[in-house]
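Participant: Sharing a structure, written as structure tokens. Questions coming.
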Amino acid sequence: MTPSPEAIEASDARRSGSLGRGQIIALLLAALPLLLLLQPYQWLSALGFRLQRAWPLGDGGAIPGASLLLVFAGTALLTLLANGPLKDGRGGGLTGVQALQLERVRQGPARSAALASLDLRRQLTRLPLLLLTHGASLTVGLESPSASLGASLLLALRDRVAPLRRLPLPVLLATGAGAGLGIAFNSVLLGVTYAVEELCQRRSAALINGTLLTTGLGVVIGAATGLWQSTAEAAPAHHTGISLLMGGGTHLIAPALLLTLGGGWLGGVFSAATAWMAGRWGHWLSKPKAARGAAVSRPLVWALAAALVISLAAVASDGWSLNDGQLLIVRMAYGEDPPGLEILPWRLLASVLSIAIGAPGGVMHDAMSLGALLAGPLIGDLPPLERQLLVWTGATALFSGACRTPLFCALFVAQIAGTVALVPLVLLVAALAAPIGRWVSEETWNDVQLERWLAAHAASFAGNLKND
């Protein structure tokens with residue numbers, strides 16, 4: 001019997017790893033609904049920045065009472081909902097995507113649970129939490145919710161669109177997650193690198209980081225010694241703008257190296273502190289069993305305590321500990337009178353606590369803002385270009401030390417900086433910082449979430465092995 005065109009197309013796709021015609025059309029058609037679904041997330045993010053600008057932000061003004069009340073009340077309410085009736089919407093929502101990349105989550109209750117966590121309707125339960133997150137200016141960003149929304153949309157379409165059913169489920173989910181993040185941040189490259197490094201890193205991490213280390217150092221040495229420029233005629237287009245990379249002079253090498261080492265180390269500390277706080281939060285939320293053996297829940301007390309801590313951090317930092325850190329990064333790189341290093345512990349505390357209580361969001365901008373703060377003591381009265389180079393170095397180092405996705409981290413920072421001339425340097429910084437962060441803390445926050453999810457579903461894995 002002659003195979004159908006669809007069967008031939010699917011077979012070709014499996015052999016070459018490419019997409020068939022039907023899959024290309026289906027994925028193109030998914031772009032518009034995903035863009036529209038992401039718009040409420042963008043509006044909520046914009047709301048958060050408008051509210052944060054009402055704070056003094058280092059300008060010496062009085063703290064508005066309404067802003068402080070909004071942070072306190074919004075944090076308390078989010079904590080109660082995220083640890084109660086809306087607990088399915090807490091966190092970034094990507095653990096199901098990561099779990100389904102693993103072969104052992106291929107059938108049975110664990111697979112069903114992972115798929116259920118990505119049900120498109122569950123994203124609706126995340127919207128009220130997102131509103132409270134950005135209304136209270138908690139320190140998480142849109143990256144994880146945007147990525148999980150993209151994965152959920154393609155999963156929903158898979159049940160209705162035959163060509164998408166022929167894509168392996170792990171590939172489909174990683175594609176949707178990458179597309180969601182890429183559209184949210186207006187960057188195709190960020191979407192691709194996020195899918196490859198963050199979601200499929202078990203296959204690609206060593207290859208990517210090793211290539212970046214060797215290639216990055218070679219490019220930087222070539223630029224620093226003038227060897228590359230001496231043969232500019234061989235690649236005139238690539239030569240354009242390369243002088244920006246080392247134009248600041250050799251006196252920046254030592255502070256850049258110091259920021260790379262310090263940022264990578266603090267990135268590991270950031271991951272460890274986040275995991276510790278999240279673990280302790282679950283412990284604090286319930287008292288030990290009472291005499292009659294019933295667990296006594298006390299969410300209200302801890303919701304008020306979390307709201308108080310985050311509000312105090314906001315007051316102590318003049319509002320710099322709020323939101324996902326983008327305003328702080330811009331002030332450090334380009335603004336006058338950037339905040340000092342004393343802001344860092346308040347921002348670190350607010351960040352790890354926001355994640356622990358279940359605020360739906362990611363830590364990418366937060367990690368970058370902490371790294372940008374590290375550069376504060378080193379930038380002094382440096383010229384603008386040199387100041388920016390050190391700020392972006394610090395931001396890249398801590399980001400990569402925390403997340404261990406050097407290619408994605410470097411490209412994200414280069415996009416914020418608005419210049420591709422920084423790419424060779426930040427790629428090398430990210431590649432060096434990632435293993436430094438891992439030496440401090442073996443696991444990233446995403447790793448911790450996945451391991452806890454797998455532990456919670458360990459019984460189903462045992463059942464799968466028994467049936468094999």
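Following the order of the structure tokens, first chain is A, next is B, and so on, with residues numbered from 1 inside each chain and ligands from 1 in the order they appear.
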Residues near Val426 in chain A, anyone? I mean within 12 Å using only C-alpha atoms, not counting same-chain ones fewer than 2 positions away, as a PyMOL selection string.
Facilitator: chain A and resi 212-213+216-217+219-220+245+256-257+259-260+389-400+406-415+417+419-424+428-434
Participant: Name the residues of range 130-351 of chain A that fall into helix (DSSP H, G or I) according to DSSP on the backbone, using the chain letters and numbers of this document, as number ranges by chain.
Facilitator: A: 130-135, 143-158, 162-165, 169-184, 188-199, 201-225, 229-234, 236-239, 243-246, 250-284, 299-316, 326-334, 341-351
Participant: Report as a ChimeraX atom specification all protein, DNA and RNA residues lying within 8 Å of Ser321 in chain A, evaluated on only C-alpha atoms, omitting residues in the same chain fewer than 4 positions from it.
Facilitator: /A:139,313-314,317,325,343,346-348,350-351
Participant: Would you write out those residues with C-alpha atoms, as a short mmCIF file (atom, residue, chain, number, x, y, z; two decimals), in the first residue's frame?
Facilitator:
data_model
loop_
_atom_site.label_atom_id
_atom_site.label_comp_id
_atom_site.auth_asym_id
_atom_site.auth_seq_id
_atom_site.Cartn_x
_atom_site.Cartn_y
_atom_site.Cartn_z
CA THR A 139 10.79 41.01 42.28
CA ALA A 313 13.11 46.04 52.24
CA ALA A 314 11.35 48.47 49.89
CA SER A 317 16.16 50.56 49.58
CA GLY A 325 15.16 45.08 38.35
CA ILE A 343 20.97 48.00 48.11
CA TRP A 346 17.70 44.17 50.45
CA ARG A 347 17.14 43.24 46.85
CA LEU A 348 18.50 39.73 47.40
CA ALA A 350 13.13 40.53 48.51
CA SER A 351 13.92 38.33 45.53
#
Participant: Could you list, as a list in words, every residue within 9 Å of Pro384 in chain A, counting only C-alpha atoms and ignoring same-chain residues fewer than 4 positions away?
Facilitator: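 Near neighbours after the sequence-gap exclusion: Ala333, Tyr334, Gln388 and Leu389 of chain A.
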Participant: Could you list, with a cut-off of 12 Å and counting only C-alpha atoms, the residues of range 20-87 of chain A near range 164-174 of chain A, each shown with its nearest atom pair and the distance in Å rounded to one decimal, rows sorted by chain and ascending number, as a tab-separated table?
Facilitator:
residue	atom	partner	partner_atom	distance
A:Gly20	CA	A:Arg166	CA	9.4
A:Arg21	CA	A:Leu164	CA	10.9
A:Gly22	CA	A:Leu164	CA	8.1
A:Gln23	CA	A:Leu164	CA	5.9
A:Ile24	CA	A:Leu164	CA	9.3
A:Ile25	CA	A:Leu164	CA	9.9
A:Ala26	CA	A:Leu164	CA	7.1
A:Leu27	CA	A:Leu164	CA	8.1
A:Leu28	CA	A:Leu164	CA	11.6
A:Leu29	CA	A:Leu164	CA	11.7
A:Ala30	CA	A:Leu164	CA	10.8
Participant: Filtering to N, CA and C atoms, could you give me those residues as an mmCIF file, in the first residue's frame?
Facilitator:
data_model
loop_
_atom_site.group_PDB
_atom_site.id
_atom_site.type_symbol
_atom_site.label_atom_id
_atom_site.label_comp_id
_atom_site.auth_asym_id
_atom_site.auth_seq_id
_atom_site.Cartn_x
_atom_site.Cartn_y
_atom_site.Cartn_z
ATOM 1 N N GLY A 20 7.912 19.136 8.850
ATOM 2 C CA GLY A 20 7.132 18.915 7.642
ATOM 3 C C GLY A 20 6.311 20.144 7.291
ATOM 4 N N ARG A 21 5.704 20.115 6.090
ATOM 5 C CA ARG A 21 4.932 21.277 5.632
ATOM 6 C C ARG A 21 3.782 21.607 6.576
ATOM 7 N N GLY A 22 3.059 20.564 6.992
ATOM 8 C CA GLY A 22 1.940 20.809 7.877
ATOM 9 C C GLY A 22 2.373 21.392 9.207
ATOM 10 N N GLN A 23 3.496 20.941 9.730
ATOM 11 C CA GLN A 23 3.994 21.463 10.994
ATOM 12 C C GLN A 23 4.435 22.917 10.862
ATOM 13 N N ILE A 24 5.062 23.252 9.753
ATOM 14 C CA ILE A 24 5.472 24.643 9.521
ATOM 15 C C ILE A 24 4.256 25.558 9.515
ATOM 16 N N ILE A 25 3.216 25.156 8.785
ATOM 17 C CA ILE A 25 2.007 25.978 8.707
ATOM 18 C C ILE A 25 1.353 26.103 10.083
ATOM 19 N N ALA A 26 1.259 24.989 10.808
ATOM 20 C CA ALA A 26 0.622 25.020 12.128
ATOM 21 C C ALA A 26 1.377 25.931 13.091
ATOM 22 N N LEU A 27 2.703 25.867 13.080
ATOM 23 C CA LEU A 27 3.490 26.697 13.984
ATOM 24 C C LEU A 27 3.406 28.174 13.602
ATOM 25 N N LEU A 28 3.366 28.456 12.310
ATOM 26 C CA LEU A 28 3.194 29.852 11.886
ATOM 27 C C LEU A 28 1.837 30.399 12.339
ATOM 28 N N LEU A 29 0.799 29.576 12.215
ATOM 29 C CA LEU A 29 -0.533 30.020 12.615
ATOM 30 C C LEU A 29 -0.652 30.201 14.121
ATOM 31 N N ALA A 30 0.209 29.523 14.890
ATOM 32 C CA ALA A 30 0.155 29.661 16.353
ATOM 33 C C ALA A 30 0.742 30.982 16.838
#
Participant: Mind checking which residues fall within 10 Å of range 74-87 of chain A, counting only C-alpha atoms, ignoring those fewer than 3 positions away in the same chain, and posting them as a tab-separated table (two decimals) with C-alpha atoms, in the first residue's frame?
Facilitator:
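This went into around26.tsv:
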chain	number	residue	atom	x	y	z
A	68	LEU	CA	3.73	51.17	50.77
A	69	LEU	CA	0.20	49.97	51.54
A	70	LEU	CA	-0.09	48.49	48.05
A	71	VAL	CA	3.15	46.51	48.47
A	90	ARG	CA	2.12	29.67	41.83
A	91	GLY	CA	5.66	29.81	40.47
A	122	ARG	CA	-4.47	26.62	34.42
A	125	THR	CA	-5.51	30.78	37.54
A	126	ARG	CA	-2.11	32.44	37.18
A	128	PRO	CA	-4.85	36.94	39.41
A	129	LEU	CA	-1.50	36.03	40.94
A	130	LEU	CA	0.31	37.91	38.17
A	131	LEU	CA	-1.89	40.94	38.83
A	132	LEU	CA	-0.97	40.88	42.51
A	133	THR	CA	2.70	40.20	41.73
A	134	HIS	CA	3.08	43.27	39.55
A	135	GLY	CA	0.60	45.33	41.53
A	136	ALA	CA	2.72	44.77	44.64
A	137	SER	CA	5.94	45.14	42.57
A	138	LEU	CA	7.37	41.79	43.67
A	282	GLY	CA	7.10	25.18	53.25
A	285	LEU	CA	3.83	27.50	56.76
A	299	PRO	CA	-0.93	30.93	56.46
A	300	LEU	CA	-2.23	34.31	57.62
A	301	VAL	CA	0.59	34.86	60.11
A	302	TRP	CA	3.26	34.03	57.55
A	303	ALA	CA	1.52	36.02	54.81
A	304	LEU	CA	1.64	39.11	57.03
A	305	ALA	CA	5.26	38.37	57.96
A	306	ALA	CA	6.29	38.06	54.30
A	307	ALA	CA	4.45	41.28	53.45
A	308	LEU	CA	6.19	43.08	56.32
A	309	VAL	CA	9.66	41.92	55.27
A	310	ILE	CA	9.18	42.88	51.63
A	311	SER	CA	7.72	46.26	52.63
A	354	SER	CA	9.12	36.64	46.48
A	356	ALA	CA	9.44	31.34	48.03
A	357	ILE	CA	5.92	32.64	48.63
A	358	GLY	CA	4.93	31.59	45.11
A	359	ALA	CA	4.97	34.80	43.04
A	360	PRO	CA	4.58	33.62	39.42
Participant: Got a sec: who's within 8 Å of Ser117 in chain A, counting only C-alpha atoms, leaving out chain neighbours fewer than 4 positions off, as a PDB file with C-alpha atoms, in the first residue's frame?
Facilitator:
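Result saved to result.pdb:
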ATOM      1  CA  ASP A  88      -1.862  25.619  40.990  1.00  0.00           C
ATOM      2  CA  GLY A  93       4.875  27.048  35.635  1.00  0.00           C
ATOM      3  CA  GLY A  96       5.993  20.322  33.667  1.00  0.00           C
ATOM      4  CA  ALA A 113       0.452  15.240  36.247  1.00  0.00           C
ATOM      5  CA  ARG A 122      -4.472  26.617  34.420  1.00  0.00           C
TER       6      ARG A 122
END
Participant: CA of His365 in chain A to CA of Gly340 in chain A: how many Å, to one decimal?
Facilitator: 18.0 Å
Participant: Would you mind listing what lies within 12 Å of Pro33 in chain A as a ChimeraX atom specification, with only C-alpha atoms counted and same-chain residues fewer than 5 positions away left out?
Facilitator: /A:26-28,38-39,149-150,152-154,156-157,179-180,183
Participant: Kindly indicate which residue among A:Leu57, A:Leu261, A:Ala195, A:Val352 lies nearest to Ala273 in chain A, using only C-alpha atoms for the distances.
Facilitator: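 Nearest candidate to Ala273 in chain A out of A:Leu57, A:Leu261, A:Ala195, A:Val352: A:Val352.
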Participant: Report, in Å with one decimal, the straight-line distance from CA of Ala375 in chain A to CA of Trp320 in chain A.
Facilitator: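 Interatomic distance here is 15.8 Å.
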Participant: What is the distance between CA of Glu143 in chain A and CA of Gly362 in chain A, in Å to one decimal?
Facilitator: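 Taking CA of Glu143 in chain A as the start and CA of Gly362 in chain A as the end point, the length is 5.6 Å.
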